[in-house]
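Next up, upload_23.pdb (PDB, N, CA and C atoms):
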ATOM      1  N   MET J 821     219.004 130.169  85.305
ATOM      2  CA  MET J 821     218.063 131.165  84.849
ATOM      3  C   MET J 821     216.790 130.507  84.305
ATOM      4  N   ALA J 822     216.913 129.383  83.656
ATOM      5  CA  ALA J 822     215.753 128.680  83.119
ATOM      6  C   ALA J 822     214.837 128.227  84.246
ATOM      7  N   LYS J 823     215.439 127.877  85.383
ATOM      8  CA  LYS J 823     214.638 127.435  86.512
ATOM      9  C   LYS J 823     213.760 128.569  87.050
ATOM     10  N   LYS J 824     214.300 129.784  87.089
ATOM     11  CA  LYS J 824     213.515 130.926  87.541
ATOM     12  C   LYS J 824     212.337 131.184  86.611
ATOM     13  N   GLN J 825     212.541 131.031  85.310
ATOM     14  CA  GLN J 825     211.452 131.241  84.368
ATOM     15  C   GLN J 825     210.354 130.199  84.564
ATOM     16  N   LYS J 826     210.757 128.953  84.822
ATOM     17  CA  LYS J 826     209.757 127.916  85.065
ATOM     18  C   LYS J 826     208.975 128.217  86.334
ATOM     19  N   MET J 827     209.651 128.680  87.360
ATOM     20  CA  MET J 827     208.971 129.008  88.610
ATOM     21  C   MET J 827     208.000 130.173  88.396
ATOM     22  N   SER J 828     208.444 131.176  87.662
ATOM     23  CA  SER J 828     207.549 132.312  87.440
ATOM     24  C   SER J 828     206.353 131.878  86.582
ATOM     25  N   ALA J 829     206.575 130.974  85.663
ATOM     26  CA  ALA J 829     205.463 130.475  84.865
ATOM     27  C   ALA J 829     204.496 129.686  85.737
ATOM     28  N   LYS J 830     205.042 128.901  86.647
ATOM     29  CA  LYS J 830     204.184 128.154  87.572
ATOM     30  C   LYS J 830     203.418 129.109  88.483
ATOM     31  N   GLN J 831     204.118 130.122  88.968
ATOM     32  CA  GLN J 831     203.453 131.098  89.837
ATOM     33  C   GLN J 831     202.370 131.850  89.070
ATOM     34  N   ARG J 832     202.697 132.205  87.824
ATOM     35  CA  ARG J 832     201.715 132.920  87.004
ATOM     36  C   ARG J 832     200.488 132.037  86.761
ATOM     37  N   GLN J 833     200.728 130.774  86.480
ATOM     38  CA  GLN J 833     199.623 129.837  86.261
ATOM     39  C   GLN J 833     198.784 129.694  87.536
ATOM     40  N   ALA J 834     199.466 129.617  88.686
ATOM     41  CA  ALA J 834     198.749 129.500  89.960
ATOM     42  C   ALA J 834     197.905 130.741  90.221
ATOM     43  N   ARG J 835     198.459 131.912  89.902
ATOM     44  CA  ARG J 835     197.700 133.158  90.102
ATOM     45  C   ARG J 835     196.492 133.218  89.170
ATOM     46  N   ILE J 836     196.672 132.776  87.935
ATOM     47  CA  ILE J 836     195.559 132.770  86.981
ATOM     48  C   ILE J 836     194.461 131.826  87.469
ATOM     49  N   GLU J 837     194.856 130.644  87.932
ATOM     50  CA  GLU J 837     193.873 129.690  88.438
ATOM     51  C   GLU J 837     193.149 130.229  89.665
ATOM     52  N   ALA J 838     193.893 130.896  90.550
ATOM     53  CA  ALA J 838     193.267 131.468  91.744
ATOM     54  C   ALA J 838     192.283 132.575  91.354
ATOM     55  N   ALA J 839     192.667 133.398  90.387
ATOM     56  CA  ALA J 839     191.777 134.472  89.946
ATOM     57  C   ALA J 839     190.518 133.902  89.306
ATOM     58  N   GLU J 840     190.672 132.841  88.506
ATOM     59  CA  GLU J 840     189.505 132.215  87.891
ATOM     60  C   GLU J 840     188.593 131.598  88.941
ATOM     61  N   ALA J 841     189.192 131.012  89.981
ATOM     62  CA  ALA J 841     188.390 130.422  91.055
ATOM     63  C   ALA J 841     187.613 131.504  91.800
ATOM     64  N   ARG J 842     188.270 132.628  92.069
ATOM     65  CA  ARG J 842     187.581 133.742  92.755
ATOM     66  C   ARG J 842     186.460 134.293  91.885
ATOM     67  N   GLU J 843     186.716 134.424  90.592
ATOM     68  CA  GLU J 843     185.703 134.941  89.672
ATOM     69  C   GLU J 843     184.502 133.997  89.604
ATOM     70  N   GLN J 844     184.773 132.693  89.560
ATOM     71  CA  GLN J 844     183.702 131.698  89.526
ATOM     72  C   GLN J 844     182.870 131.757  90.804
ATOM     73  N   ALA J 845     183.546 131.874  91.944
ATOM     74  CA  ALA J 845     182.838 131.947  93.225
ATOM     75  C   ALA J 845     181.986 133.211  93.302
ATOM     76  N   ALA J 846     182.515 134.318  92.798
ATOM     77  CA  ALA J 846     181.759 135.569  92.806
ATOM     78  C   ALA J 846     180.528 135.461  91.909
ATOM     79  N   GLN J 847     180.676 134.831  90.757
ATOM     80  CA  GLN J 847     179.548 134.657  89.838
ATOM     81  C   GLN J 847     178.470 133.780  90.467
ATOM     82  N   GLU J 848     178.879 132.691  91.114
ATOM     83  CA  GLU J 848     177.917 131.795  91.762
ATOM     84  C   GLU J 848     177.191 132.517  92.895
ATOM     85  N   ALA J 849     177.912 133.327  93.661
ATOM     86  CA  ALA J 849     177.291 134.074  94.752
ATOM     87  C   ALA J 849     176.279 135.075  94.198
ATOM     88  N   LYS J 850     176.620 135.712  93.086
ATOM     89  CA  LYS J 850     175.707 136.679  92.468
ATOM     90  C   LYS J 850     174.433 135.987  91.985
ATOM     91  N   GLU J 851     174.583 134.833  91.334
ATOM     92  CA  GLU J 851     173.415 134.092  90.851
ATOM     93  C   GLU J 851     172.547 133.625  92.018
ATOM     94  N   ARG J 852     173.172 133.153  93.088
ATOM     95  CA  ARG J 852     172.432 132.698  94.263
ATOM     96  C   ARG J 852     171.647 133.862  94.876
ATOM     97  N   LYS J 853     172.287 135.025  94.945
ATOM     98  CA  LYS J 853     171.629 136.205  95.517
ATOM     99  C   LYS J 853     170.423 136.618  94.666
ATOM    100  N   GLU J 854     170.592 136.581  93.341
ATOM    101  CA  GLU J 854     169.482 136.943  92.461
ATOM    102  C   GLU J 854     168.333 135.955  92.577
ATOM    103  N   ARG J 855     168.655 134.659  92.687
ATOM    104  CA  ARG J 855     167.623 133.629  92.819
ATOM    105  C   ARG J 855     166.848 133.825  94.129
ATOM    106  N   LEU J 856     167.556 134.101  95.221
ATOM    107  CA  LEU J 856     166.884 134.316  96.504
ATOM    108  C   LEU J 856     166.013 135.565  96.458
ATOM    109  N   LYS J 857     166.466 136.581  95.748
ATOM    110  CA  LYS J 857     165.677 137.802  95.626
ATOM    111  C   LYS J 857     164.370 137.517  94.888
ATOM    112  N   LYS J 858     164.450 136.737  93.802
ATOM    113  CA  LYS J 858     163.241 136.395  93.051
ATOM    114  C   LYS J 858     162.285 135.576  93.907
ATOM    115  N   ILE J 859     162.807 134.637  94.669
ATOM    116  CA  ILE J 859     161.963 133.826  95.550
ATOM    117  C   ILE J 859     161.293 134.710  96.593
ATOM    118  N   GLY J 860     162.031 135.648  97.136
ATOM    119  CA  GLY J 860     161.473 136.577  98.131
ATOM    120  C   GLY J 860     160.346 137.413  97.546
ATOM    121  N   ILE J 861     160.514 137.867  96.314
ATOM    122  CA  ILE J 861     159.479 138.679  95.666
ATOM    123  C   ILE J 861     158.215 137.843  95.477
ATOM    124  N   VAL J 862     158.367 136.589  95.073
ATOM    125  CA  VAL J 862     157.206 135.720  94.886
ATOM    126  C   VAL J 862     156.493 135.492  96.213
ATOM    127  N   ILE J 863     157.249 135.253  97.265
ATOM    128  CA  ILE J 863     156.651 135.029  98.592
ATOM    129  C   ILE J 863     155.879 136.257  99.048
ATOM    130  N   VAL J 864     156.463 137.438  98.884
ATOM    131  CA  VAL J 864     155.776 138.673  99.282
ATOM    132  C   VAL J 864     154.507 138.861  98.460
ATOM    133  N   ALA J 865     154.567 138.555  97.174
ATOM    134  CA  ALA J 865     153.382 138.698  96.323
ATOM    135  C   ALA J 865     152.272 137.754  96.773
ATOM    136  N   VAL J 866     152.616 136.511  97.105
ATOM    137  CA  VAL J 866     151.612 135.550  97.574
ATOM    138  C   VAL J 866     150.997 136.022  98.883
ATOM    139  N   ILE J 867     151.825 136.514  99.784
ATOM    140  CA  ILE J 867     151.309 137.009 101.070
ATOM    141  C   ILE J 867     150.357 138.181 100.843
ATOM    142  N   LEU J 868     150.717 139.087  99.936
ATOM    143  CA  LEU J 868     149.837 140.226  99.674
ATOM    144  C   LEU J 868     148.517 139.786  99.048
ATOM    145  N   VAL J 869     148.568 138.842  98.132
ATOM    146  CA  VAL J 869     147.326 138.352  97.521
ATOM    147  C   VAL J 869     146.432 137.724  98.581
ATOM    148  N   LEU J 870     147.020 136.913  99.455
ATOM    149  CA  LEU J 870     146.220 136.288 100.516
ATOM    150  C   LEU J 870     145.694 137.329 101.495
ATOM    151  N   ALA J 871     146.539 138.281 101.856
ATOM    152  CA  ALA J 871     146.124 139.301 102.825
ATOM    153  C   ALA J 871     145.000 140.172 102.271
ATOM    154  N   LEU J 872     145.003 140.401 100.985
ATOM    155  CA  LEU J 872     143.952 141.231 100.402
ATOM    156  C   LEU J 872     142.744 140.414  99.969
ATOM    157  N   GLY J 873     142.948 139.163  99.628
ATOM    158  CA  GLY J 873     141.853 138.343  99.113
ATOM    159  C   GLY J 873     141.021 137.690 100.190
ATOM    160  N   LEU J 874     141.631 137.184 101.228
ATOM    161  CA  LEU J 874     140.877 136.478 102.269
ATOM    162  C   LEU J 874     139.860 137.361 102.987
ATOM    163  N   PRO J 875     140.209 138.567 103.384
ATOM    164  CA  PRO J 875     139.175 139.397 104.032
ATOM    165  C   PRO J 875     138.012 139.727 103.091
ATOM    166  N   THR J 876     138.285 139.889 101.818
ATOM    167  CA  THR J 876     137.226 140.168 100.858
ATOM    168  C   THR J 876     136.266 138.991 100.756
ATOM    169  N   VAL J 877     136.820 137.793 100.677
ATOM    170  CA  VAL J 877     135.983 136.594 100.612
ATOM    171  C   VAL J 877     135.218 136.428 101.906
ATOM    172  N   ALA J 878     135.859 136.652 103.031
ATOM    173  CA  ALA J 878     135.184 136.513 104.331
ATOM    174  C   ALA J 878     134.054 137.517 104.464
ATOM    175  N   LEU J 879     134.263 138.736 104.043
ATOM    176  CA  LEU J 879     133.195 139.752 104.114
ATOM    177  C   LEU J 879     132.029 139.402 103.208
ATOM    178  N   SER J 880     132.306 138.825 102.060
ATOM    179  CA  SER J 880     131.211 138.472 101.176
ATOM    180  C   SER J 880     130.378 137.340 101.767
ATOM    181  N   PHE J 881     131.020 136.393 102.475
ATOM    182  CA  PHE J 881     130.278 135.332 103.134
ATOM    183  C   PHE J 881     129.512 135.864 104.349
ATOM    184  N   LEU J 882     130.173 136.727 105.131
ATOM    185  CA  LEU J 882     129.510 137.246 106.333
ATOM    186  C   LEU J 882     128.400 138.237 105.987
ATOM    187  N   GLY J 883     128.570 138.919 104.861
ATOM    188  CA  GLY J 883     127.547 139.884 104.457
ATOM    189  C   GLY J 883     126.323 139.227 103.851
ATOM    190  N   GLY J 884     126.324 137.930 103.695
ATOM    191  CA  GLY J 884     125.173 137.215 103.169
ATOM    192  C   GLY J 884     125.080 137.273 101.671
ATOM    193  N   GLY J 885     126.128 137.713 101.020
ATOM    194  CA  GLY J 885     126.115 137.756  99.548
ATOM    195  C   GLY J 885     125.139 138.745  98.992
ATOM    196  N   ALA J 886     124.826 139.782  99.745
ATOM    197  CA  ALA J 886     123.858 140.789  99.295
ATOM    198  C   ALA J 886     124.496 141.575  98.202
TER     199      ALA J 886
END

Represent the structure from my file as structure tokens, please.
Amino acid sequence: MAKKQKMSAKQRQARIEAAEAREQAAQEAKERKERLKKIGIVIVAVILVLALGLPTVALSFLGGGA
């Protein structure tokens, strides 16, 4: 009977470790997703600034600065 208790304790420990590993992996995936989202927002913002700023500068040069 003592052997069964040791096995169940080992199994319980293995399940706890597996659950902690899954939780850690899920947390890392969530952080990675959030980081990529922030990078994407910055890239879109830079593209919008360039798309709106370059034609304005070009028109001011082509218009002769009047």

What are the centre and edge lengths in Å, to one decimal, of the axis-aligned box around all listed atoms of region 850-866 of chain J with 4 Å added on each side, as JSON?
{"center_x": 163.8, "center_y": 135.8, "center_z": 95.1, "size_x": 33.6, "size_y": 14.2, "size_z": 16.4}

Report, in Å with one decimal, the straight-line distance from atom N of Lys858 (chain J) to atom N of Pro875 (chain J).
26.1 Å

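The space separating atom C of Val862 (chain J) from atom N of Leu874 (chain J) comes to 15.8 Å.
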
Can you measure atom C of Lys853 (chain J) to atom N of Leu868 (chain J) for me? One decimal in Å is fine.
20.5 Å
